[in-house]
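K.L.:
Attaching a single structure in structure tokens format; questions to follow.
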Amino acid sequence: MNRVYIKTYGCQMNERDSEAVSEMLRGRGYSIVQHEEDADVVLLNTCSVREQAEQKAIGKAGYLKRRLRKNPNFILGVMGCMAQNRGVELIDKLPDIDLIIGTQKFHQVPDHLDNIFKTLEGQGPKPSTIVDLENEQGSQNTIVAHNLDKRKVSAFISIMQGCNMNCTFCIVPKTRGRERCRPIESIVEEAHELVENGTKEITLLGQIVNSYGRREIPFIQGKSPFVQLLERLNEIKGLERIRFTSPHPRGFKQDLVEAYRDLPKLCEYIHLPMQSGSSKILKKMNRPYSRERFKQLVGDLRSVVPDMYFSTDIIVGFPGETDQDFELTRNLFEEIGFEMAFIFKYSTRTGTPAAILEDQIPKEVKEERNQILLSILEKASLKRNQNLIGTTQEILVEGPARKGENMFVGRNRGFRKVVFSGSERLIGELVPVKIEEASVTTVRGSLVIQ
Ligand code: SAH
Ligand code: F3S
């Protein structure tokens with residue numbers, strides 16, 4: 001009765017939260033299974049950023065409910081952003097649901113499940129839906145557990161929770177609450193523990209990582225708390241690569257630009273959300289930077305790291321986005337030459353300021369703009385990959401490739417996926433690979449024998 005399956009929707013933050021919940025549950029004697037059919041408990045860790053993401057999770061929960069009827073002791077829970085966003089209203093849609101767990105209550109999941117199982121063992125009726133959605137001071141410090149039975153070459157560390165920005169399109173400040181950070185020492189300790197277990201790469205997670213600790217931790221010699229954290233992590237012996245997601249253009253100061261020059265472990269890849277290339281739209285989005293400022297920031301980073309890889313988030317079809325506004329986005333997108341991007345069609349989120357703006361953009365227009373950016377992205381990504389042909393790249397080997405005997409996959413410092421013929425013992429190693437072939441998403445090469 002203690003097999004749990006967790007399905008995760010959405011971003012890396014959600015992945016990390018699910019991982020921590022899994023680990024907390026394992027610590028209580030639950031086993032984590034890989035297929036929902038094998039589970040006594042299914043937990044959906046949900047996303048609310050777009051309507052579609054919520055619909056998917058609701059659809060899944062509805063499907064699982066049919067299973068509920070066959071096994072009255074089957075337990076279904078919804079955790080995370082949609083739980084927080086919709087709250088008890090979810091019970092109307094999903095009357096058989098057992099748990100609704102908010103974004104500051106992940107660490108309570110083991111207790112709640114224990115209680116449900118205790119009642120069931122005592123032959124009692126299944127308790128009515130448990131709803132746990134309060135804010136909890138210090139909850140950002142509870143997402144720390146990792147499975148150290150397995151070696152993880154690359155690991156996420158959640159350094160903060162919440163967001164104080166209020167972009168007009170975004171539901172995250174509602175679902176994730178106010179910004180709260182973890183202490184530097186505790187993050188460094190978590191990284192040490194991972195590295196001792198064989199981790200070579202860490203990715204720091206937060207809604208706006210460069211605002212990490214701004215209210216709690218003093219600047220030192222002009223260096224922000226986030227840069228101080230990066231410096232500390234850079235010192236960890238055995239750690240090879242540091243990444244983070246996502247920074248915000250606001251408050252992205254010279255100290256962070258220079259960190260790319262000064263910290264050898266900080267990889268030359270950055271996910272820097274642009275959202276739009278029109279200053280007018282940026283203003284309506286409540287994004288406190290202009291097209292020019294964004295361009296300048298990219299230039300500043302390139303002047304320190306000329307072959308920096310850039311990734312971004314773009315929203316097409318924000319209310320009031322005219323053809324001219326889109327053209328500004330299109331040409332800046334092309335000019336910067338992002339190698340990676342998440343291009344979103346604007347999705348109305350009830351309760352956000354943009355939801356009630358006039359001039360909502362028709363679906364077809366959003367779709368068309370989406371396709372235009374996607375095709376530019378494909379070209380830029382292919383070009384960047386082709387430029388790698390003939391070079392030797394340092395690859396961190398992650399594991400077997402999806403296809404091909406003895407084929408392995410890893411990434412270069414620029415986060416490009418590289419496939420090559422290798423062997424099991426290279427997993428977790430940095431190896432030189434000479435690049436021979438390139439497609440839009442993947443490059444292939446051969447191990448350079450030293
Ligand atoms: N600060 C976070 C952003 C979280 S939301 C980060 O940078 O990691 C992730 C992305 O979803 C945003 O950057 C934005 O491009 C997109 N997004 C948010 N709300 C949206 C909406 N209502 N419609 C479409 N895309 C949205
Ligand atoms: Fe959302 Fe803007 Fe914060 S995109 S997460 S409100 S920076």
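Simple scheme: letters A, B, ... for chains in structure tokens order, numbers from 1 for residues in each chain, numbers from 1 for ligands in the order shown.
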Please tabulate, as JSON lines, the residues of chain A that come within 10 Å of ligand 1, each with its closest pair of atoms and the distance in Å to one decimal, counting only C-alpha atoms and all ligand atoms and ordering rows by chain, then residue number upward.
P.N.:
```
{"residue": "A:Gly10", "atom": "CA", "partner": "ligand 1", "partner_atom_place_in_ligand_line": "9 (C)", "distance": 8.9}
{"residue": "A:Cys11", "atom": "CA", "partner": "ligand 1", "partner_atom_place_in_ligand_line": "9 (C)", "distance": 7.6}
{"residue": "A:Gln12", "atom": "CA", "partner": "ligand 1", "partner_atom_place_in_ligand_line": "8 (O)", "distance": 8.6}
{"residue": "A:Met13", "atom": "CA", "partner": "ligand 1", "partner_atom_place_in_ligand_line": "8 (O)", "distance": 8.4}
{"residue": "A:Cys47", "atom": "CA", "partner": "ligand 1", "partner_atom_place_in_ligand_line": "5 (S)", "distance": 9.6}
{"residue": "A:Ser48", "atom": "CA", "partner": "ligand 1", "partner_atom_place_in_ligand_line": "19 (N)", "distance": 8.5}
{"residue": "A:Val49", "atom": "CA", "partner": "ligand 1", "partner_atom_place_in_ligand_line": "19 (N)", "distance": 4.9}
{"residue": "A:Arg50", "atom": "CA", "partner": "ligand 1", "partner_atom_place_in_ligand_line": "23 (N)", "distance": 5.3}
{"residue": "A:Glu51", "atom": "CA", "partner": "ligand 1", "partner_atom_place_in_ligand_line": "22 (N)", "distance": 7.9}
{"residue": "A:Gln52", "atom": "CA", "partner": "ligand 1", "partner_atom_place_in_ligand_line": "23 (N)", "distance": 9.8}
{"residue": "A:Gly162", "atom": "CA", "partner": "ligand 1", "partner_atom_place_in_ligand_line": "1 (N)", "distance": 8.9}
{"residue": "A:Cys163", "atom": "CA", "partner": "ligand 1", "partner_atom_place_in_ligand_line": "1 (N)", "distance": 7.2}
{"residue": "A:Asn164", "atom": "CA", "partner": "ligand 1", "partner_atom_place_in_ligand_line": "1 (N)", "distance": 9.8}
{"residue": "A:Met165", "atom": "CA", "partner": "ligand 1", "partner_atom_place_in_ligand_line": "1 (N)", "distance": 8.6}
{"residue": "A:Asn166", "atom": "CA", "partner": "ligand 1", "partner_atom_place_in_ligand_line": "1 (N)", "distance": 9.9}
{"residue": "A:Cys167", "atom": "CA", "partner": "ligand 1", "partner_atom_place_in_ligand_line": "19 (N)", "distance": 8.2}
{"residue": "A:Thr168", "atom": "CA", "partner": "ligand 1", "partner_atom_place_in_ligand_line": "22 (N)", "distance": 8.3}
{"residue": "A:Phe169", "atom": "CA", "partner": "ligand 1", "partner_atom_place_in_ligand_line": "22 (N)", "distance": 4.5}
{"residue": "A:Cys170", "atom": "CA", "partner": "ligand 1", "partner_atom_place_in_ligand_line": "19 (N)", "distance": 4.1}
{"residue": "A:Ile171", "atom": "CA", "partner": "ligand 1", "partner_atom_place_in_ligand_line": "19 (N)", "distance": 6.3}
{"residue": "A:Val172", "atom": "CA", "partner": "ligand 1", "partner_atom_place_in_ligand_line": "4 (C)", "distance": 6.5}
{"residue": "A:Pro173", "atom": "CA", "partner": "ligand 1", "partner_atom_place_in_ligand_line": "4 (C)", "distance": 9.3}
{"residue": "A:Leu205", "atom": "CA", "partner": "ligand 1", "partner_atom_place_in_ligand_line": "8 (O)", "distance": 8.0}
{"residue": "A:Gly206", "atom": "CA", "partner": "ligand 1", "partner_atom_place_in_ligand_line": "8 (O)", "distance": 6.7}
{"residue": "A:Gln207", "atom": "CA", "partner": "ligand 1", "partner_atom_place_in_ligand_line": "1 (N)", "distance": 3.8}
{"residue": "A:Ile208", "atom": "CA", "partner": "ligand 1", "partner_atom_place_in_ligand_line": "1 (N)", "distance": 5.3}
{"residue": "A:Val209", "atom": "CA", "partner": "ligand 1", "partner_atom_place_in_ligand_line": "1 (N)", "distance": 8.5}
{"residue": "A:Phe244", "atom": "CA", "partner": "ligand 1", "partner_atom_place_in_ligand_line": "8 (O)", "distance": 9.7}
{"residue": "A:Thr245", "atom": "CA", "partner": "ligand 1", "partner_atom_place_in_ligand_line": "8 (O)", "distance": 6.0}
{"residue": "A:Ser246", "atom": "CA", "partner": "ligand 1", "partner_atom_place_in_ligand_line": "7 (O)", "distance": 4.5}
{"residue": "A:Pro247", "atom": "CA", "partner": "ligand 1", "partner_atom_place_in_ligand_line": "7 (O)", "distance": 6.5}
{"residue": "A:His248", "atom": "CA", "partner": "ligand 1", "partner_atom_place_in_ligand_line": "7 (O)", "distance": 6.8}
{"residue": "A:His271", "atom": "CA", "partner": "ligand 1", "partner_atom_place_in_ligand_line": "7 (O)", "distance": 8.0}
{"residue": "A:Leu272", "atom": "CA", "partner": "ligand 1", "partner_atom_place_in_ligand_line": "7 (O)", "distance": 7.5}
{"residue": "A:Pro273", "atom": "CA", "partner": "ligand 1", "partner_atom_place_in_ligand_line": "13 (O)", "distance": 5.6}
{"residue": "A:Met274", "atom": "CA", "partner": "ligand 1", "partner_atom_place_in_ligand_line": "13 (O)", "distance": 7.8}
{"residue": "A:Gln275", "atom": "CA", "partner": "ligand 1", "partner_atom_place_in_ligand_line": "15 (O)", "distance": 5.5}
{"residue": "A:Ser276", "atom": "CA", "partner": "ligand 1", "partner_atom_place_in_ligand_line": "15 (O)", "distance": 9.1}
{"residue": "A:Thr312", "atom": "CA", "partner": "ligand 1", "partner_atom_place_in_ligand_line": "13 (O)", "distance": 7.9}
{"residue": "A:Asp313", "atom": "CA", "partner": "ligand 1", "partner_atom_place_in_ligand_line": "15 (O)", "distance": 4.5}
{"residue": "A:Ile314", "atom": "CA", "partner": "ligand 1", "partner_atom_place_in_ligand_line": "15 (O)", "distance": 5.0}
{"residue": "A:Ile315", "atom": "CA", "partner": "ligand 1", "partner_atom_place_in_ligand_line": "15 (O)", "distance": 5.2}
{"residue": "A:Val316", "atom": "CA", "partner": "ligand 1", "partner_atom_place_in_ligand_line": "24 (C)", "distance": 7.7}
{"residue": "A:Gly317", "atom": "CA", "partner": "ligand 1", "partner_atom_place_in_ligand_line": "24 (C)", "distance": 8.7}
{"residue": "A:Phe318", "atom": "CA", "partner": "ligand 1", "partner_atom_place_in_ligand_line": "23 (N)", "distance": 7.9}
{"residue": "A:Ala341", "atom": "CA", "partner": "ligand 1", "partner_atom_place_in_ligand_line": "15 (O)", "distance": 9.5}
{"residue": "A:Phe342", "atom": "CA", "partner": "ligand 1", "partner_atom_place_in_ligand_line": "15 (O)", "distance": 7.1}
{"residue": "A:Ile343", "atom": "CA", "partner": "ligand 1", "partner_atom_place_in_ligand_line": "15 (O)", "distance": 7.1}
{"residue": "A:Phe344", "atom": "CA", "partner": "ligand 1", "partner_atom_place_in_ligand_line": "25 (N)", "distance": 4.8}
{"residue": "A:Lys345", "atom": "CA", "partner": "ligand 1", "partner_atom_place_in_ligand_line": "24 (C)", "distance": 5.2}
{"residue": "A:Tyr346", "atom": "CA", "partner": "ligand 1", "partner_atom_place_in_ligand_line": "23 (N)", "distance": 3.7}
{"residue": "A:Ser347", "atom": "CA", "partner": "ligand 1", "partner_atom_place_in_ligand_line": "23 (N)", "distance": 3.8}
{"residue": "A:Thr348", "atom": "CA", "partner": "ligand 1", "partner_atom_place_in_ligand_line": "22 (N)", "distance": 5.3}
{"residue": "A:Arg349", "atom": "CA", "partner": "ligand 1", "partner_atom_place_in_ligand_line": "22 (N)", "distance": 5.4}
{"residue": "A:Thr350", "atom": "CA", "partner": "ligand 1", "partner_atom_place_in_ligand_line": "22 (N)", "distance": 9.1}
{"residue": "A:Thr352", "atom": "CA", "partner": "ligand 1", "partner_atom_place_in_ligand_line": "22 (N)", "distance": 8.3}
{"residue": "A:Ala354", "atom": "CA", "partner": "ligand 1", "partner_atom_place_in_ligand_line": "22 (N)", "distance": 8.3}
{"residue": "A:Ala355", "atom": "CA", "partner": "ligand 1", "partner_atom_place_in_ligand_line": "22 (N)", "distance": 8.5}
```
K.L.:
Which residues, written as a ChimeraX atom specification, have at least one atom at most 10 Å from Gln393 in chain A, with only C-alpha atoms counted and residues fewer than 4 positions away on the same chain left out?
P.N.:
/A:388-389,411-414,418,430-435,445,447-448
K.L.:
Which residues, written as a list in words, have at least one atom at most 12 Å from Glu185 in chain A, with only C-alpha atoms counted and residues fewer than 3 positions away on the same chain left out?
P.N.:
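Listing them by chain and then by number gives Asn141, Ile159, Cys181, Arg182, Val188, Glu189, Glu190, Ala191, His192, Ile217, Pro225, Gln228, Leu229, Leu230, Arg232 and Leu233 of chain A.
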K.L.:
Using DSSP assignments from the backbone, pull out every residue in range 329-422 of chain A that falls under strand (DSSP E or B) and give it to me as a ChimeraX atom specification.
P.N.:
/A:340-345,392-400,407-411,417-421
K.L.:
Could you save the residues just selected, with N, CA and C atoms, as an mmCIF file, in the first residue's frame?
P.N.:
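Result went into selection.cif, see below:
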```cif
data_model
loop_
_atom_site.group_PDB
_atom_site.id
_atom_site.type_symbol
_atom_site.label_atom_id
_atom_site.label_comp_id
_atom_site.auth_asym_id
_atom_site.auth_seq_id
_atom_site.Cartn_x
_atom_site.Cartn_y
_atom_site.Cartn_z
ATOM 1 N N MET A 340 18.618 28.821 -28.208
ATOM 2 C CA MET A 340 17.563 28.077 -27.534
ATOM 3 C C MET A 340 16.504 29.086 -27.160
ATOM 4 N N ALA A 341 15.254 28.660 -27.156
ATOM 5 C CA ALA A 341 14.199 29.565 -26.701
ATOM 6 C C ALA A 341 12.940 28.778 -26.416
ATOM 7 N N PHE A 342 12.208 29.263 -25.446
ATOM 8 C CA PHE A 342 10.860 28.768 -25.219
ATOM 9 C C PHE A 342 9.935 29.861 -25.716
ATOM 10 N N ILE A 343 9.167 29.523 -26.736
ATOM 11 C CA ILE A 343 8.273 30.533 -27.308
ATOM 12 C C ILE A 343 6.850 30.158 -26.915
ATOM 13 N N PHE A 344 6.235 31.056 -26.166
ATOM 14 C CA PHE A 344 4.905 30.780 -25.635
ATOM 15 C C PHE A 344 3.872 31.641 -26.330
ATOM 16 N N LYS A 345 2.720 31.046 -26.614
ATOM 17 C CA LYS A 345 1.585 31.853 -27.058
ATOM 18 C C LYS A 345 0.926 32.390 -25.795
ATOM 19 N N THR A 392 36.887 20.541 -31.047
ATOM 20 C CA THR A 392 36.843 19.544 -29.981
ATOM 21 C C THR A 392 36.179 20.196 -28.772
ATOM 22 N N GLN A 393 35.127 19.552 -28.282
ATOM 23 C CA GLN A 393 34.343 20.116 -27.189
ATOM 24 C C GLN A 393 34.533 19.296 -25.915
ATOM 25 N N GLU A 394 34.508 20.008 -24.793
ATOM 26 C CA GLU A 394 34.555 19.315 -23.510
ATOM 27 C C GLU A 394 33.132 18.859 -23.168
ATOM 28 N N ILE A 395 32.943 17.547 -23.087
ATOM 29 C CA ILE A 395 31.599 17.005 -22.848
ATOM 30 C C ILE A 395 31.518 16.370 -21.468
ATOM 31 N N LEU A 396 30.478 16.746 -20.744
ATOM 32 C CA LEU A 396 30.191 16.054 -19.483
ATOM 33 C C LEU A 396 29.234 14.901 -19.817
ATOM 34 N N VAL A 397 29.702 13.686 -19.634
ATOM 35 C CA VAL A 397 28.925 12.519 -20.080
ATOM 36 C C VAL A 397 27.807 12.231 -19.076
ATOM 37 N N GLU A 398 26.578 12.230 -19.569
ATOM 38 C CA GLU A 398 25.434 12.047 -18.670
ATOM 39 C C GLU A 398 24.951 10.606 -18.603
ATOM 40 N N GLY A 399 24.977 9.904 -19.734
ATOM 41 C CA GLY A 399 24.473 8.528 -19.715
ATOM 42 C C GLY A 399 24.315 7.997 -21.120
ATOM 43 N N PRO A 400 23.687 6.800 -21.235
ATOM 44 C CA PRO A 400 23.483 6.207 -22.561
ATOM 45 C C PRO A 400 22.553 7.090 -23.399
ATOM 46 N N MET A 407 26.210 4.069 -27.618
ATOM 47 C CA MET A 407 26.151 5.508 -27.849
ATOM 48 C C MET A 407 25.848 6.197 -26.515
ATOM 49 N N PHE A 408 26.530 7.290 -26.276
ATOM 50 C CA PHE A 408 26.353 8.031 -25.029
ATOM 51 C C PHE A 408 26.047 9.482 -25.330
ATOM 52 N N VAL A 409 25.472 10.131 -24.330
ATOM 53 C CA VAL A 409 25.096 11.523 -24.534
ATOM 54 C C VAL A 409 25.631 12.377 -23.398
ATOM 55 N N GLY A 410 26.024 13.564 -23.768
ATOM 56 C CA GLY A 410 26.464 14.516 -22.759
ATOM 57 C C GLY A 410 26.256 15.911 -23.306
ATOM 58 N N ARG A 411 26.732 16.906 -22.576
ATOM 59 C CA ARG A 411 26.570 18.282 -23.064
ATOM 60 C C ARG A 411 27.899 19.008 -23.027
ATOM 61 N N LYS A 417 23.535 19.307 -26.722
ATOM 62 C CA LYS A 417 23.540 17.859 -26.555
ATOM 63 C C LYS A 417 24.483 17.237 -27.566
ATOM 64 N N VAL A 418 25.393 16.399 -27.108
ATOM 65 C CA VAL A 418 26.376 15.779 -27.987
ATOM 66 C C VAL A 418 26.309 14.263 -27.825
ATOM 67 N N VAL A 419 26.191 13.562 -28.963
ATOM 68 C CA VAL A 419 26.102 12.097 -28.948
ATOM 69 C C VAL A 419 27.384 11.529 -29.541
ATOM 70 N N PHE A 420 27.900 10.513 -28.910
ATOM 71 C CA PHE A 420 29.157 9.923 -29.385
ATOM 72 C C PHE A 420 29.240 8.479 -28.923
ATOM 73 N N SER A 421 30.130 7.740 -29.525
ATOM 74 C CA SER A 421 30.304 6.343 -29.154
ATOM 75 C C SER A 421 31.292 6.282 -27.990
#
```
K.L.:
For Phe252 in chain A, please output as a list in words all residues within 12 Å (counting only C-alpha atoms; exclusion window: fewer than 6 positions along the same chain).
P.N.:
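The residues satisfying every condition are Ile208, Val209, Asn210, Ser211, Tyr212, Lys223, Ser224, Phe226, Val227, Ser246, Glu258, Ala259, Leu272, Pro273, Pro288, Tyr289, Arg293, Phe294, Gln296, Leu297, Val298, Asp300 and Leu301 of chain A.
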K.L.:
For the selection just defined, write its residues with N, CA and C atoms to a file, as a PDB file, in the first residue's frame.
P.N.:
```
ATOM      1  N   ILE A 208      13.854  34.423  -9.918  1.00  0.00           N
ATOM      2  CA  ILE A 208      14.790  35.455 -10.371  1.00  0.00           C
ATOM      3  C   ILE A 208      16.057  35.271  -9.562  1.00  0.00           C
ATOM      4  N   VAL A 209      16.972  34.466 -10.073  1.00  0.00           N
ATOM      5  CA  VAL A 209      18.122  34.088  -9.249  1.00  0.00           C
ATOM      6  C   VAL A 209      19.011  35.284  -8.898  1.00  0.00           C
ATOM      7  N   ASN A 210      19.067  36.270  -9.803  1.00  0.00           N
ATOM      8  CA  ASN A 210      19.963  37.386  -9.481  1.00  0.00           C
ATOM      9  C   ASN A 210      19.394  38.321  -8.422  1.00  0.00           C
ATOM     10  N   SER A 211      18.154  38.094  -7.988  1.00  0.00           N
ATOM     11  CA  SER A 211      17.706  38.887  -6.843  1.00  0.00           C
ATOM     12  C   SER A 211      17.867  38.088  -5.541  1.00  0.00           C
ATOM     13  N   TYR A 212      18.525  36.945  -5.645  1.00  0.00           N
ATOM     14  CA  TYR A 212      18.789  36.103  -4.477  1.00  0.00           C
ATOM     15  C   TYR A 212      19.378  36.920  -3.314  1.00  0.00           C
ATOM     16  N   LYS A 223      29.636  43.268  -4.685  1.00  0.00           N
ATOM     17  CA  LYS A 223      29.128  42.003  -5.206  1.00  0.00           C
ATOM     18  C   LYS A 223      27.819  41.616  -4.528  1.00  0.00           C
ATOM     19  N   SER A 224      26.869  41.282  -5.376  1.00  0.00           N
ATOM     20  CA  SER A 224      25.543  40.917  -4.881  1.00  0.00           C
ATOM     21  C   SER A 224      25.612  39.554  -4.185  1.00  0.00           C
ATOM     22  N   PHE A 226      24.000  36.975  -4.841  1.00  0.00           N
ATOM     23  CA  PHE A 226      24.000  35.880  -5.812  1.00  0.00           C
ATOM     24  C   PHE A 226      25.422  35.607  -6.320  1.00  0.00           C
ATOM     25  N   VAL A 227      26.145  36.680  -6.611  1.00  0.00           N
ATOM     26  CA  VAL A 227      27.526  36.493  -7.080  1.00  0.00           C
ATOM     27  C   VAL A 227      28.388  35.913  -5.949  1.00  0.00           C
ATOM     28  N   SER A 246      16.267  31.173 -13.537  1.00  0.00           N
ATOM     29  CA  SER A 246      16.578  32.148 -14.555  1.00  0.00           C
ATOM     30  C   SER A 246      16.976  33.469 -13.921  1.00  0.00           C
ATOM     31  N   GLU A 258      30.684  40.053 -14.856  1.00  0.00           N
ATOM     32  CA  GLU A 258      32.097  39.731 -14.626  1.00  0.00           C
ATOM     33  C   GLU A 258      32.298  38.340 -14.033  1.00  0.00           C
ATOM     34  N   ALA A 259      31.272  37.841 -13.372  1.00  0.00           N
ATOM     35  CA  ALA A 259      31.373  36.473 -12.848  1.00  0.00           C
ATOM     36  C   ALA A 259      31.658  35.494 -13.978  1.00  0.00           C
ATOM     37  N   LEU A 272      18.105  33.883 -20.546  1.00  0.00           N
ATOM     38  CA  LEU A 272      17.785  35.259 -20.158  1.00  0.00           C
ATOM     39  C   LEU A 272      16.448  35.665 -20.788  1.00  0.00           C
ATOM     40  N   PRO A 273      15.372  35.570 -19.994  1.00  0.00           N
ATOM     41  CA  PRO A 273      14.049  35.815 -20.577  1.00  0.00           C
ATOM     42  C   PRO A 273      13.882  37.240 -21.120  1.00  0.00           C
ATOM     43  N   PRO A 288      10.557  45.711 -16.276  1.00  0.00           N
ATOM     44  CA  PRO A 288      11.202  47.025 -16.141  1.00  0.00           C
ATOM     45  C   PRO A 288      12.523  47.159 -16.910  1.00  0.00           C
ATOM     46  N   TYR A 289      12.505  46.900 -18.215  1.00  0.00           N
ATOM     47  CA  TYR A 289      13.670  47.168 -19.066  1.00  0.00           C
ATOM     48  C   TYR A 289      13.152  47.438 -20.464  1.00  0.00           C
ATOM     49  N   ARG A 293      17.985  48.261 -23.511  1.00  0.00           N
ATOM     50  CA  ARG A 293      18.685  47.749 -22.327  1.00  0.00           C
ATOM     51  C   ARG A 293      18.953  46.244 -22.476  1.00  0.00           C
ATOM     52  N   PHE A 294      17.985  45.524 -23.014  1.00  0.00           N
ATOM     53  CA  PHE A 294      18.168  44.084 -23.179  1.00  0.00           C
ATOM     54  C   PHE A 294      19.321  43.802 -24.136  1.00  0.00           C
ATOM     55  N   GLN A 296      21.755  45.749 -24.836  1.00  0.00           N
ATOM     56  CA  GLN A 296      23.014  46.150 -24.217  1.00  0.00           C
ATOM     57  C   GLN A 296      23.540  45.059 -23.280  1.00  0.00           C
ATOM     58  N   LEU A 297      22.631  44.457 -22.533  1.00  0.00           N
ATOM     59  CA  LEU A 297      23.028  43.396 -21.608  1.00  0.00           C
ATOM     60  C   LEU A 297      23.625  42.205 -22.365  1.00  0.00           C
ATOM     61  N   VAL A 298      22.983  41.844 -23.469  1.00  0.00           N
ATOM     62  CA  VAL A 298      23.519  40.754 -24.298  1.00  0.00           C
ATOM     63  C   VAL A 298      24.920  41.136 -24.792  1.00  0.00           C
ATOM     64  N   ASP A 300      27.027  43.251 -23.378  1.00  0.00           N
ATOM     65  CA  ASP A 300      27.963  43.232 -22.239  1.00  0.00           C
ATOM     66  C   ASP A 300      28.445  41.807 -21.980  1.00  0.00           C
ATOM     67  N   LEU A 301      27.512  40.863 -22.030  1.00  0.00           N
ATOM     68  CA  LEU A 301      27.882  39.469 -21.770  1.00  0.00           C
ATOM     69  C   LEU A 301      28.788  38.942 -22.883  1.00  0.00           C
TER      70      LEU A 301
END
```
K.L.:
As a PyMOL selection string, list the residues of range 91-219 of chain A assigned to helix (DSSP H, G or I) by DSSP on the backbone atoms of this structure.
P.N.:
chain A and resi 91-93+106-121+139-142+172-176+184-196+209-211
